[in-house]
2 protein chains.
Amino acid sequence: MVARVQPSVAPQSRLASPGAGKLGEVSALDEVGSLQHETLGERVTGELRALLIAGRLAPGEKLSLRRVAEALGVSMMPVREAVSRLAADKALEVLPGRAVRVPVLTLAQFRELTRIRLVVEGFAAEEATKVITDAQIAVVAQHEAAFLAAAKDPPDPAAAVGANRDLHFALYEAAGMPSLIEMISRLWLKAGPILNLDMRHEPKRLDGGSAVVAHAQLLAALRRRDPAAARQALVEDISAAAEHIERTARLAE
Amino acid sequence: MVARVQPSVAPQSRLASPGAGKLGEVSALDEVGSLQHETLGERVTGELRALLIAGRLAPGEKLSLRRVAEALGVSMMPVREAVSRLAADKALEVLPGRAVRVPVLTLAQFRELTRIRLVVEGFAAEEATKVITDAQIAVVAQHEAAFLAAAKDPPDPAAAVGANRDLHFALYEAAGMPSLIEMISRLWLKAGPILNLDMRHEPKRLDGGSAVVAHAQLLAALRRRDPAAARQALVEDISAAAEHIERTARLAE
DNA sequence: TGTCGTGATCTGTGATCACAGTTAGGTTGG
DNA sequence: CCAACCTAACTGTGATCACAGATCACGACA
């Protein structure tokens, strides 16, 4: 699950003051979970975020507000809000008088992004390892199994990309630091188009690649509760993928 | 200068192809800096960002789109875009059916933010120290002098807050990592309201406080080109401020 | 005196329209 | 045949209107 930012709704339970029911029994109203009013703009934002992280939108691809609105069956307004948010995150960019497009990273930008990812995601892995539960490790292992299955032939790039994302974020969420996850998903939003567009085009990288061994080392480190080793495994995972991208992908300038 | 995200405008100089003027002399049009088509929404965004970082908007304070629009002399539309962007960064939050307000951090959220700042800003300080030039160190020292002057009595809280911000970002920008600066300014956007609102209310903390000694250690480390010491000085600066906040400020829950 | 109902007024959200600017394609003049 | 112009379609931006929902204050009832 890609860190869909939680709706920021404070529960507040304005329904029925405590003990309002007769005989002191809890009212049924105390259990209804204040159905969240997800706005249309948020839905569009989530849709575009998923497309970006999954690499289904290629770098340099141009988007049209009206086109997207029509494709999603909504007005132009929610799309505008979504694009505005994503542009603020630099996950999209609006050219001066032109269209909005998904940014093309320069080599320098990609390298900077990778260095930041090593620091931030490495930290997240380390902290997660300190407090992760056995159940959470099992979830990570489950995503790893799905990743392996998707990497076998015939390879299923889309499923592999999704499983890889789920694996990483299952780990990060174990750290219990929501703001940190928010930061990481922003990083993935920027790097996703190149990383996963490539994985989509070269599925052969999946099988026997560096990801499987890095993931195995990561799981072993988790089971040993070895934060430093977990960080190291993650660093190797990210570094290997980045090196592959630098060799093969088209980077600007 | 608070990392006002650059307008992302590719210069591109669509005015006058090179050498279009007679005699090969440079045309005056080549020097006009392609007046950046700063959109109205971006201007409002920058305005609100500055207000948040400076702590001029208190946590829990409610904003009204129409009110802000009227105050800034623009329509409701640009304000809407600005709030949308800031809400995406969680620098503002929109309550389900209510107004938009500046978030009130819980103690847990504030501690998480501080831990992340230690990692990210510590990394930035370390990297900056490796490549900083003498001229850039002089700029940092200049901001430190301004900070000291503003801390003397009579203390000028607003100036001190600004000088402190300029000092930190002058250091971070020396690292030459734009995305990193973007991340850090997002962190400041969240922490600004509590940190600087407090400094505004308790100016006595400024003089003889921990900030001056931490800043002195930081400058000394910069001049020795000692990355680890620079990081350590910054960590102490952030930690001391955070401890003070935890003792005095009102944090939710 | 305390509590609930009720209406006026505010909120953000979404839709529609108008506009300046740019792009692309077709046509005309050389 | 090539280049330049010119028109038509499309772009994001901003404004205005309409609407559902929530808040708040006032008044009536118990």
# chains A, B, ... in the order shown; residues from 1 in each chain; ligands from 1
>>> closest_atom_pairs(of="chain D", to="chain A", cutoff="12 Å", atoms="only C-alpha atoms (C1' of nucleotides)", output="Markdown table")
| residue | atom | partner | partner_atom | distance |
| --- | --- | --- | --- | --- |
| D:DC10 | C1' | A:Ser64 | CA | 9.5 |
| D:DT11 | C1' | A:Ala99 | CA | 6.0 |
| D:DG12 | C1' | A:Ala99 | CA | 7.3 |
| D:DT13 | C1' | A:Gly97 | CA | 10.2 |
| D:DG21 | C1' | A:His37 | CA | 10.8 |
>>> interface_residues(of="chain C", to="chain A", cutoff="9 Å", atoms="only C-alpha atoms (C1' of nucleotides)", output="JSON list (two decimals) with C-alpha atoms (C1' of nucleotides), in the first residue's frame")
[["chain", "number", "residue", "atom", "x", "y", "z"],
["C", 13, "DT", "C1'", -15.85, 22.07, -2.94],
["C", 14, "DG", "C1'", -17.13, 21.71, -7.58],
["C", 15, "DA", "C1'", -18.70, 23.54, -12.09],
["C", 21, "DG", "C1'", -0.75, 33.00, -24.38],
["C", 22, "DT", "C1'", 1.26, 29.32, -26.99],
["C", 23, "DT", "C1'", 1.42, 25.60, -30.25]]
>>> closest_atom_pairs(of="chain B", to="chain A", cutoff="7 Å", atoms="only C-alpha atoms", output="Markdown table")
| residue | atom | partner | partner_atom | distance |
| --- | --- | --- | --- | --- |
| B:Val9 | CA | A:Pro96 | CA | 6.2 |
| B:His37 | CA | A:Pro96 | CA | 6.6 |
| B:Glu81 | CA | A:Ser84 | CA | 6.7 |
| B:Ser84 | CA | A:Arg85 | CA | 6.3 |
| B:Arg85 | CA | A:Arg85 | CA | 4.7 |
| B:Ala88 | CA | A:Arg85 | CA | 5.8 |
| B:Leu95 | CA | A:Val9 | CA | 6.4 |
| B:Pro96 | CA | A:Val9 | CA | 6.5 |
| B:Glu112 | CA | A:Met177 | CA | 6.5 |
| B:Met177 | CA | A:Glu112 | CA | 6.5 |
>>> write_last_selection(atoms="C-alpha atoms", output="PDB file, in the first residue's frame")
ATOM      1  CA  VAL B   9      11.095  28.169 -15.206  1.00  0.00           C
ATOM      2  CA  HIS B  37       5.628  34.560 -15.158  1.00  0.00           C
ATOM      3  CA  GLU B  81      -4.371  26.811  -4.816  1.00  0.00           C
ATOM      4  CA  SER B  84      -4.094  23.167  -1.426  1.00  0.00           C
ATOM      5  CA  ARG B  85      -0.322  23.012  -1.860  1.00  0.00           C
ATOM      6  CA  ALA B  88      -0.407  18.614   0.703  1.00  0.00           C
ATOM      7  CA  LEU B  95     -10.802  19.850   8.617  1.00  0.00           C
ATOM      8  CA  PRO B  96     -13.581  17.746   7.111  1.00  0.00           C
ATOM      9  CA  GLU B 112       9.264  12.589  15.382  1.00  0.00           C
ATOM     10  CA  MET B 177      21.621  19.772  -3.035  1.00  0.00           C
TER      11      MET B 177
END
>>> atom_distance(atom1="atom CA of Glu243 of chain A", atom2="atom CA of Asn164 of chain A")
17.5 Å
>>> atom_distance(atom1="atom CA of Ala214 of chain B", atom2="atom CA of Asp237 of chain B")
5.3 Å
>>> atom_distance(atom1="atom CA of Gly162 of chain B", atom2="atom CA of Thr133 of chain B")
22.9 Å
>>> select_by_dssp(residues="segment 12-225 of chain B", states="helix (DSSP H, G or I)", output="compact mmCIF listing (two decimals) with N, CA and C atoms, in the first residue's frame")
# COMPACT_ATOMS: atom_id res chain seq x y z
N LYS B 22 21.88 43.84 -35.38
CA LYS B 22 22.87 44.21 -36.40
C LYS B 22 24.28 44.21 -35.80
N LEU B 23 25.25 44.04 -36.64
CA LEU B 23 26.65 44.16 -36.24
C LEU B 23 27.08 43.18 -35.15
N GLY B 24 26.26 42.22 -34.87
CA GLY B 24 26.65 41.21 -33.89
C GLY B 24 26.69 41.71 -32.46
N ALA B 28 19.62 44.40 -26.45
CA ALA B 28 19.18 44.68 -25.09
C ALA B 28 18.18 43.62 -24.63
N LEU B 29 17.53 43.01 -25.57
CA LEU B 29 16.54 42.01 -25.22
C LEU B 29 17.17 40.75 -24.62
N ASP B 30 18.46 40.55 -24.92
CA ASP B 30 19.10 39.37 -24.36
C ASP B 30 19.33 39.50 -22.87
N LEU B 40 -0.11 34.04 -9.78
CA LEU B 40 -0.66 34.66 -8.58
C LEU B 40 -0.72 33.65 -7.43
N GLY B 41 -1.06 32.43 -7.78
CA GLY B 41 -1.12 31.40 -6.76
C GLY B 41 0.22 31.15 -6.10
N GLU B 42 1.30 31.22 -6.88
CA GLU B 42 2.63 31.02 -6.32
C GLU B 42 2.98 32.13 -5.34
N ARG B 43 2.58 33.34 -5.71
CA ARG B 43 2.88 34.46 -4.82
C ARG B 43 2.18 34.27 -3.48
N VAL B 44 0.92 33.89 -3.53
CA VAL B 44 0.18 33.67 -2.28
C VAL B 44 0.82 32.53 -1.48
N THR B 45 1.24 31.48 -2.19
CA THR B 45 1.90 30.37 -1.51
C THR B 45 3.13 30.85 -0.77
N GLY B 46 3.95 31.63 -1.46
CA GLY B 46 5.16 32.15 -0.81
C GLY B 46 4.84 33.01 0.39
N GLU B 47 3.79 33.78 0.27
CA GLU B 47 3.40 34.66 1.38
C GLU B 47 3.03 33.82 2.61
N LEU B 48 2.22 32.81 2.39
CA LEU B 48 1.79 31.98 3.51
C LEU B 48 2.96 31.18 4.09
N ARG B 49 3.84 30.73 3.21
CA ARG B 49 5.02 29.98 3.68
C ARG B 49 5.85 30.84 4.62
N ALA B 50 6.10 32.07 4.22
CA ALA B 50 6.90 32.97 5.05
C ALA B 50 6.23 33.19 6.39
N LEU B 51 4.93 33.37 6.36
CA LEU B 51 4.20 33.59 7.61
C LEU B 51 4.29 32.38 8.52
N LEU B 52 4.24 31.18 7.94
CA LEU B 52 4.29 29.97 8.75
C LEU B 52 5.67 29.78 9.37
N ILE B 53 6.71 29.89 8.53
CA ILE B 53 8.07 29.66 9.05
C ILE B 53 8.42 30.68 10.11
N LEU B 65 -10.53 31.05 3.46
CA LEU B 65 -10.10 31.35 2.10
C LEU B 65 -10.54 32.75 1.69
N ARG B 66 -11.78 33.05 1.95
CA ARG B 66 -12.30 34.36 1.53
C ARG B 66 -11.61 35.49 2.30
N ARG B 67 -11.34 35.23 3.57
CA ARG B 67 -10.70 36.25 4.39
C ARG B 67 -9.28 36.52 3.87
N VAL B 68 -8.54 35.47 3.67
CA VAL B 68 -7.17 35.62 3.18
C VAL B 68 -7.17 36.29 1.81
N ALA B 69 -8.11 35.86 0.97
CA ALA B 69 -8.20 36.44 -0.37
C ALA B 69 -8.42 37.94 -0.28
N GLU B 70 -9.32 38.32 0.59
CA GLU B 70 -9.62 39.74 0.73
C GLU B 70 -8.43 40.50 1.28
N ALA B 71 -7.75 39.88 2.25
CA ALA B 71 -6.61 40.54 2.88
C ALA B 71 -5.47 40.75 1.89
N LEU B 72 -5.30 39.81 0.97
CA LEU B 72 -4.20 39.92 0.01
C LEU B 72 -4.64 40.61 -1.28
N MET B 76 -10.50 34.39 -4.65
CA MET B 76 -10.43 33.23 -3.78
C MET B 76 -9.62 32.12 -4.44
N MET B 77 -9.53 32.17 -5.74
CA MET B 77 -8.91 31.08 -6.50
C MET B 77 -7.43 30.87 -6.18
N PRO B 78 -6.61 31.90 -6.24
CA PRO B 78 -5.19 31.69 -5.94
C PRO B 78 -4.97 31.23 -4.50
N VAL B 79 -5.76 31.74 -3.58
CA VAL B 79 -5.64 31.31 -2.18
C VAL B 79 -5.95 29.84 -2.07
N ARG B 80 -6.95 29.44 -2.82
CA ARG B 80 -7.33 28.04 -2.81
C ARG B 80 -6.17 27.15 -3.25
N GLU B 81 -5.50 27.58 -4.32
CA GLU B 81 -4.37 26.81 -4.82
C GLU B 81 -3.25 26.77 -3.78
N ALA B 82 -2.99 27.91 -3.16
CA ALA B 82 -1.91 27.97 -2.17
C ALA B 82 -2.22 27.06 -0.99
N VAL B 83 -3.44 27.15 -0.49
CA VAL B 83 -3.81 26.31 0.65
C VAL B 83 -3.75 24.84 0.27
N SER B 84 -4.13 24.55 -0.96
CA SER B 84 -4.09 23.17 -1.43
C SER B 84 -2.67 22.63 -1.39
N ARG B 85 -1.72 23.44 -1.87
CA ARG B 85 -0.32 23.01 -1.86
C ARG B 85 0.18 22.83 -0.44
N LEU B 86 -0.09 23.80 0.40
CA LEU B 86 0.41 23.74 1.77
C LEU B 86 -0.24 22.60 2.54
N ALA B 87 -1.49 22.31 2.21
CA ALA B 87 -2.15 21.20 2.87
C ALA B 87 -1.52 19.88 2.42
N ALA B 88 -1.08 19.82 1.18
CA ALA B 88 -0.41 18.61 0.70
C ALA B 88 0.88 18.40 1.47
N LEU B 107 2.71 15.87 21.03
CA LEU B 107 4.07 15.70 21.51
C LEU B 107 4.81 14.65 20.68
N ALA B 108 4.10 13.57 20.35
CA ALA B 108 4.73 12.50 19.56
C ALA B 108 5.13 13.02 18.19
N GLN B 109 4.24 13.80 17.57
CA GLN B 109 4.55 14.34 16.25
C GLN B 109 5.74 15.27 16.30
N PHE B 110 5.79 16.09 17.34
CA PHE B 110 6.92 17.02 17.46
C PHE B 110 8.22 16.27 17.66
N ARG B 111 8.18 15.22 18.45
CA ARG B 111 9.41 14.45 18.67
C ARG B 111 9.86 13.76 17.39
N GLU B 112 8.90 13.23 16.65
CA GLU B 112 9.26 12.59 15.38
C GLU B 112 9.90 13.60 14.44
N LEU B 113 9.28 14.77 14.38
CA LEU B 113 9.81 15.82 13.51
C LEU B 113 11.24 16.17 13.91
N THR B 114 11.47 16.25 15.20
CA THR B 114 12.82 16.60 15.67
C THR B 114 13.82 15.51 15.30
N ARG B 115 13.43 14.26 15.46
CA ARG B 115 14.34 13.17 15.10
C ARG B 115 14.69 13.22 13.63
N ILE B 116 13.68 13.48 12.80
CA ILE B 116 13.94 13.55 11.36
C ILE B 116 14.85 14.73 11.04
N ARG B 117 14.60 15.85 11.73
CA ARG B 117 15.45 17.02 11.48
C ARG B 117 16.89 16.72 11.85
N LEU B 118 17.10 15.99 12.93
CA LEU B 118 18.46 15.66 13.33
C LEU B 118 19.17 14.88 12.22
N VAL B 119 18.44 13.94 11.63
CA VAL B 119 19.05 13.12 10.57
C VAL B 119 19.30 13.95 9.32
N VAL B 120 18.25 14.62 8.85
CA VAL B 120 18.34 15.29 7.55
C VAL B 120 19.22 16.53 7.61
N GLU B 121 18.98 17.37 8.60
CA GLU B 121 19.77 18.60 8.68
C GLU B 121 21.20 18.28 9.10
N GLY B 122 21.36 17.24 9.91
CA GLY B 122 22.71 16.80 10.25
C GLY B 122 23.47 16.35 9.01
N PHE B 123 22.80 15.59 8.18
CA PHE B 123 23.42 15.17 6.92
C PHE B 123 23.77 16.37 6.06
N ALA B 124 22.86 17.31 5.97
CA ALA B 124 23.10 18.51 5.15
C ALA B 124 24.31 19.27 5.67
N ALA B 125 24.40 19.41 7.00
CA ALA B 125 25.53 20.14 7.57
C ALA B 125 26.84 19.43 7.27
N GLU B 126 26.81 18.13 7.35
CA GLU B 126 28.02 17.35 7.09
C GLU B 126 28.47 17.52 5.63
N GLU B 127 27.53 17.37 4.74
CA GLU B 127 27.87 17.50 3.33
C GLU B 127 28.31 18.91 3.00
N ALA B 128 27.64 19.88 3.59
CA ALA B 128 28.00 21.27 3.32
C ALA B 128 29.42 21.55 3.77
N THR B 129 29.78 21.04 4.93
CA THR B 129 31.11 21.31 5.46
C THR B 129 32.20 20.78 4.53
N LYS B 130 31.89 19.72 3.79
CA LYS B 130 32.90 19.13 2.91
C LYS B 130 33.23 20.03 1.72
N VAL B 131 32.27 20.85 1.32
CA VAL B 131 32.47 21.58 0.06
C VAL B 131 32.29 23.09 0.21
N ASP B 134 35.13 29.64 1.46
CA ASP B 134 35.36 30.67 2.47
C ASP B 134 34.31 31.77 2.38
N ALA B 135 33.94 32.10 1.16
CA ALA B 135 32.93 33.15 0.99
C ALA B 135 31.61 32.73 1.61
N GLN B 136 31.26 31.46 1.45
CA GLN B 136 30.00 30.99 2.03
C GLN B 136 30.07 30.96 3.54
N ILE B 137 31.23 30.62 4.07
CA ILE B 137 31.39 30.67 5.53
C ILE B 137 31.21 32.10 6.03
N ALA B 138 31.74 33.04 5.26
CA ALA B 138 31.59 34.44 5.66
C ALA B 138 30.13 34.85 5.71
N VAL B 139 29.35 34.34 4.75
CA VAL B 139 27.92 34.67 4.76
C VAL B 139 27.25 34.10 6.00
N VAL B 140 27.60 32.87 6.35
CA VAL B 140 27.04 32.26 7.55
C VAL B 140 27.41 33.09 8.77
N ALA B 141 28.67 33.49 8.83
CA ALA B 141 29.13 34.30 9.97
C ALA B 141 28.37 35.62 10.04
N GLN B 142 28.08 36.15 8.88
CA GLN B 142 27.35 37.42 8.82
C GLN B 142 25.96 37.26 9.42
N HIS B 143 25.29 36.18 9.07
CA HIS B 143 23.96 35.94 9.63
C HIS B 143 24.05 35.70 11.14
N GLU B 144 25.11 35.04 11.56
CA GLU B 144 25.29 34.81 12.99
C GLU B 144 25.44 36.15 13.73
N ALA B 145 26.20 37.06 13.11
CA ALA B 145 26.36 38.38 13.72
C ALA B 145 25.02 39.09 13.83
N ALA B 146 24.22 38.97 12.79
CA ALA B 146 22.90 39.59 12.81
C ALA B 146 22.04 38.96 13.91
N PHE B 147 22.21 37.66 14.07
CA PHE B 147 21.45 36.96 15.11
C PHE B 147 21.85 37.46 16.49
N LEU B 148 23.16 37.60 16.70
CA LEU B 148 23.64 38.09 17.99
C LEU B 148 23.13 39.50 18.26
N ALA B 149 23.18 40.33 17.23
CA ALA B 149 22.72 41.70 17.40
C ALA B 149 21.24 41.74 17.77
N ALA B 150 20.46 40.87 17.16
CA ALA B 150 19.03 40.86 17.42
C ALA B 150 18.72 40.26 18.79
N ALA B 151 19.69 39.49 19.33
CA ALA B 151 19.45 38.85 20.63
C ALA B 151 19.80 39.77 21.80
N PRO B 157 12.80 39.96 18.47
CA PRO B 157 12.48 38.55 18.16
C PRO B 157 12.32 38.29 16.67
N ALA B 158 11.60 39.16 15.99
CA ALA B 158 11.35 38.93 14.57
C ALA B 158 12.66 38.87 13.80
N ALA B 159 13.55 39.80 14.07
CA ALA B 159 14.84 39.82 13.38
C ALA B 159 15.66 38.59 13.74
N ALA B 160 15.59 38.18 15.00
CA ALA B 160 16.36 37.02 15.42
C ALA B 160 15.87 35.76 14.72
N VAL B 161 14.57 35.62 14.64
CA VAL B 161 14.01 34.46 13.95
C VAL B 161 14.48 34.44 12.50
N GLY B 162 14.43 35.60 11.85
CA GLY B 162 14.85 35.67 10.45
C GLY B 162 16.33 35.37 10.30
N ALA B 163 17.15 35.91 11.18
CA ALA B 163 18.59 35.69 11.07
C ALA B 163 18.93 34.22 11.31
N ASN B 164 18.25 33.63 12.27
CA ASN B 164 18.48 32.21 12.55
C ASN B 164 18.14 31.35 11.33
N ARG B 165 17.02 31.68 10.71
CA ARG B 165 16.61 30.95 9.51
C ARG B 165 17.64 31.14 8.39
N ASP B 166 18.08 32.37 8.19
CA ASP B 166 19.04 32.64 7.13
C ASP B 166 20.35 31.92 7.38
N LEU B 167 20.76 31.89 8.65
CA LEU B 167 22.00 31.20 9.00
C LEU B 167 21.93 29.72 8.63
N HIS B 168 20.87 29.08 9.04
CA HIS B 168 20.76 27.65 8.78
C HIS B 168 20.72 27.37 7.28
N PHE B 169 19.91 28.14 6.57
CA PHE B 169 19.75 27.81 5.15
C PHE B 169 20.98 28.21 4.34
N ALA B 170 21.71 29.21 4.81
CA ALA B 170 22.97 29.53 4.13
C ALA B 170 23.92 28.35 4.22
N LEU B 171 23.92 27.70 5.37
CA LEU B 171 24.75 26.51 5.53
C LEU B 171 24.26 25.39 4.61
N TYR B 172 22.96 25.11 4.67
CA TYR B 172 22.44 23.98 3.91
C TYR B 172 22.64 24.17 2.41
N GLU B 173 22.49 25.41 1.96
CA GLU B 173 22.63 25.64 0.52
C GLU B 173 24.04 25.43 0.05
N PRO B 178 19.68 20.80 -4.07
CA PRO B 178 18.39 21.51 -4.08
C PRO B 178 17.24 20.72 -3.48
N SER B 179 17.17 19.44 -3.81
CA SER B 179 16.06 18.64 -3.29
C SER B 179 16.15 18.52 -1.77
N LEU B 180 17.37 18.47 -1.28
CA LEU B 180 17.55 18.38 0.17
C LEU B 180 17.04 19.65 0.85
N ILE B 181 17.37 20.78 0.26
CA ILE B 181 16.89 22.04 0.81
C ILE B 181 15.38 22.11 0.79
N GLU B 182 14.82 21.60 -0.28
CA GLU B 182 13.36 21.57 -0.39
C GLU B 182 12.77 20.75 0.75
N MET B 183 13.38 19.61 1.03
CA MET B 183 12.89 18.77 2.13
C MET B 183 13.00 19.49 3.46
N ILE B 184 14.13 20.14 3.67
CA ILE B 184 14.35 20.80 4.96
C ILE B 184 13.37 21.96 5.14
N SER B 185 13.12 22.70 4.08
CA SER B 185 12.19 23.81 4.25
C SER B 185 10.78 23.30 4.52
N ARG B 186 10.49 22.09 4.02
CA ARG B 186 9.19 21.51 4.36
C ARG B 186 9.13 21.16 5.84
N LEU B 187 10.24 20.68 6.37
CA LEU B 187 10.28 20.38 7.81
C LEU B 187 10.12 21.67 8.63
N TRP B 188 10.79 22.71 8.20
CA TRP B 188 10.69 23.99 8.91
C TRP B 188 9.28 24.53 8.83
N LEU B 189 8.63 24.26 7.71
CA LEU B 189 7.26 24.72 7.54
C LEU B 189 6.36 24.11 8.60
N LYS B 190 6.64 22.87 8.95
CA LYS B 190 5.83 22.21 9.96
C LYS B 190 6.20 22.64 11.36
N ALA B 191 7.51 22.75 11.60
CA ALA B 191 7.96 23.04 12.95
C ALA B 191 7.95 24.53 13.25
N GLY B 192 7.96 25.35 12.20
CA GLY B 192 8.06 26.79 12.38
C GLY B 192 7.06 27.39 13.35
N PRO B 193 5.79 27.08 13.18
CA PRO B 193 4.79 27.70 14.04
C PRO B 193 5.09 27.55 15.53
N ILE B 194 5.44 26.35 15.98
CA ILE B 194 5.72 26.20 17.41
C ILE B 194 7.06 26.80 17.78
N LEU B 195 8.09 26.45 17.00
CA LEU B 195 9.43 26.90 17.33
C LEU B 195 9.50 28.42 17.43
N ASN B 196 9.01 29.09 16.40
CA ASN B 196 9.23 30.52 16.32
C ASN B 196 8.15 31.32 17.04
N LEU B 197 6.98 30.73 17.15
CA LEU B 197 5.98 31.40 17.97
C LEU B 197 6.48 31.50 19.40
N ASP B 198 7.13 30.41 19.83
CA ASP B 198 7.68 30.43 21.18
C ASP B 198 8.79 31.47 21.31
N MET B 199 9.69 31.47 20.33
CA MET B 199 10.80 32.42 20.40
C MET B 199 10.28 33.85 20.40
N ARG B 200 9.17 34.02 19.77
CA ARG B 200 8.56 35.34 19.73
C ARG B 200 8.01 35.73 21.10
N HIS B 201 7.51 34.73 21.81
CA HIS B 201 6.89 35.04 23.09
C HIS B 201 7.90 35.09 24.22
N PRO B 203 11.48 36.07 24.34
CA PRO B 203 12.73 36.56 23.75
C PRO B 203 13.91 36.38 24.68
N LYS B 204 13.66 36.20 25.96
CA LYS B 204 14.78 36.06 26.90
C LYS B 204 15.59 34.80 26.62
N ARG B 205 14.95 33.84 25.95
CA ARG B 205 15.67 32.62 25.62
C ARG B 205 16.81 32.92 24.65
N SER B 210 21.25 28.61 24.44
CA SER B 210 22.09 27.56 23.87
C SER B 210 22.39 27.81 22.40
N ALA B 211 21.53 28.61 21.76
CA ALA B 211 21.70 28.83 20.32
C ALA B 211 23.04 29.50 20.03
N VAL B 212 23.41 30.49 20.85
CA VAL B 212 24.63 31.23 20.55
C VAL B 212 25.87 30.33 20.65
N VAL B 213 25.91 29.48 21.66
CA VAL B 213 27.09 28.63 21.79
C VAL B 213 27.10 27.57 20.68
N ALA B 214 25.93 27.04 20.34
CA ALA B 214 25.87 26.05 19.26
C ALA B 214 26.31 26.67 17.94
N HIS B 215 25.86 27.89 17.71
CA HIS B 215 26.25 28.57 16.47
C HIS B 215 27.74 28.82 16.44
N ALA B 216 28.30 29.18 17.59
CA ALA B 216 29.75 29.42 17.64
C ALA B 216 30.52 28.13 17.34
N GLN B 217 30.07 27.05 17.94
CA GLN B 217 30.72 25.77 17.66
C GLN B 217 30.59 25.39 16.19
N LEU B 218 29.43 25.70 15.63
CA LEU B 218 29.20 25.38 14.22
C LEU B 218 30.18 26.15 13.35
N LEU B 219 30.34 27.44 13.62
CA LEU B 219 31.24 28.25 12.80
C LEU B 219 32.69 27.78 12.96
N ALA B 220 33.05 27.44 14.17
CA ALA B 220 34.40 26.94 14.38
C ALA B 220 34.63 25.66 13.59
N ALA B 221 33.65 24.77 13.61
CA ALA B 221 33.77 23.51 12.88
C ALA B 221 33.87 23.77 11.38
N LEU B 222 33.11 24.74 10.89
CA LEU B 222 33.16 25.07 9.47
C LEU B 222 34.56 25.54 9.09
N ARG B 223 35.12 26.39 9.92
CA ARG B 223 36.44 26.95 9.59
C ARG B 223 37.52 25.87 9.65
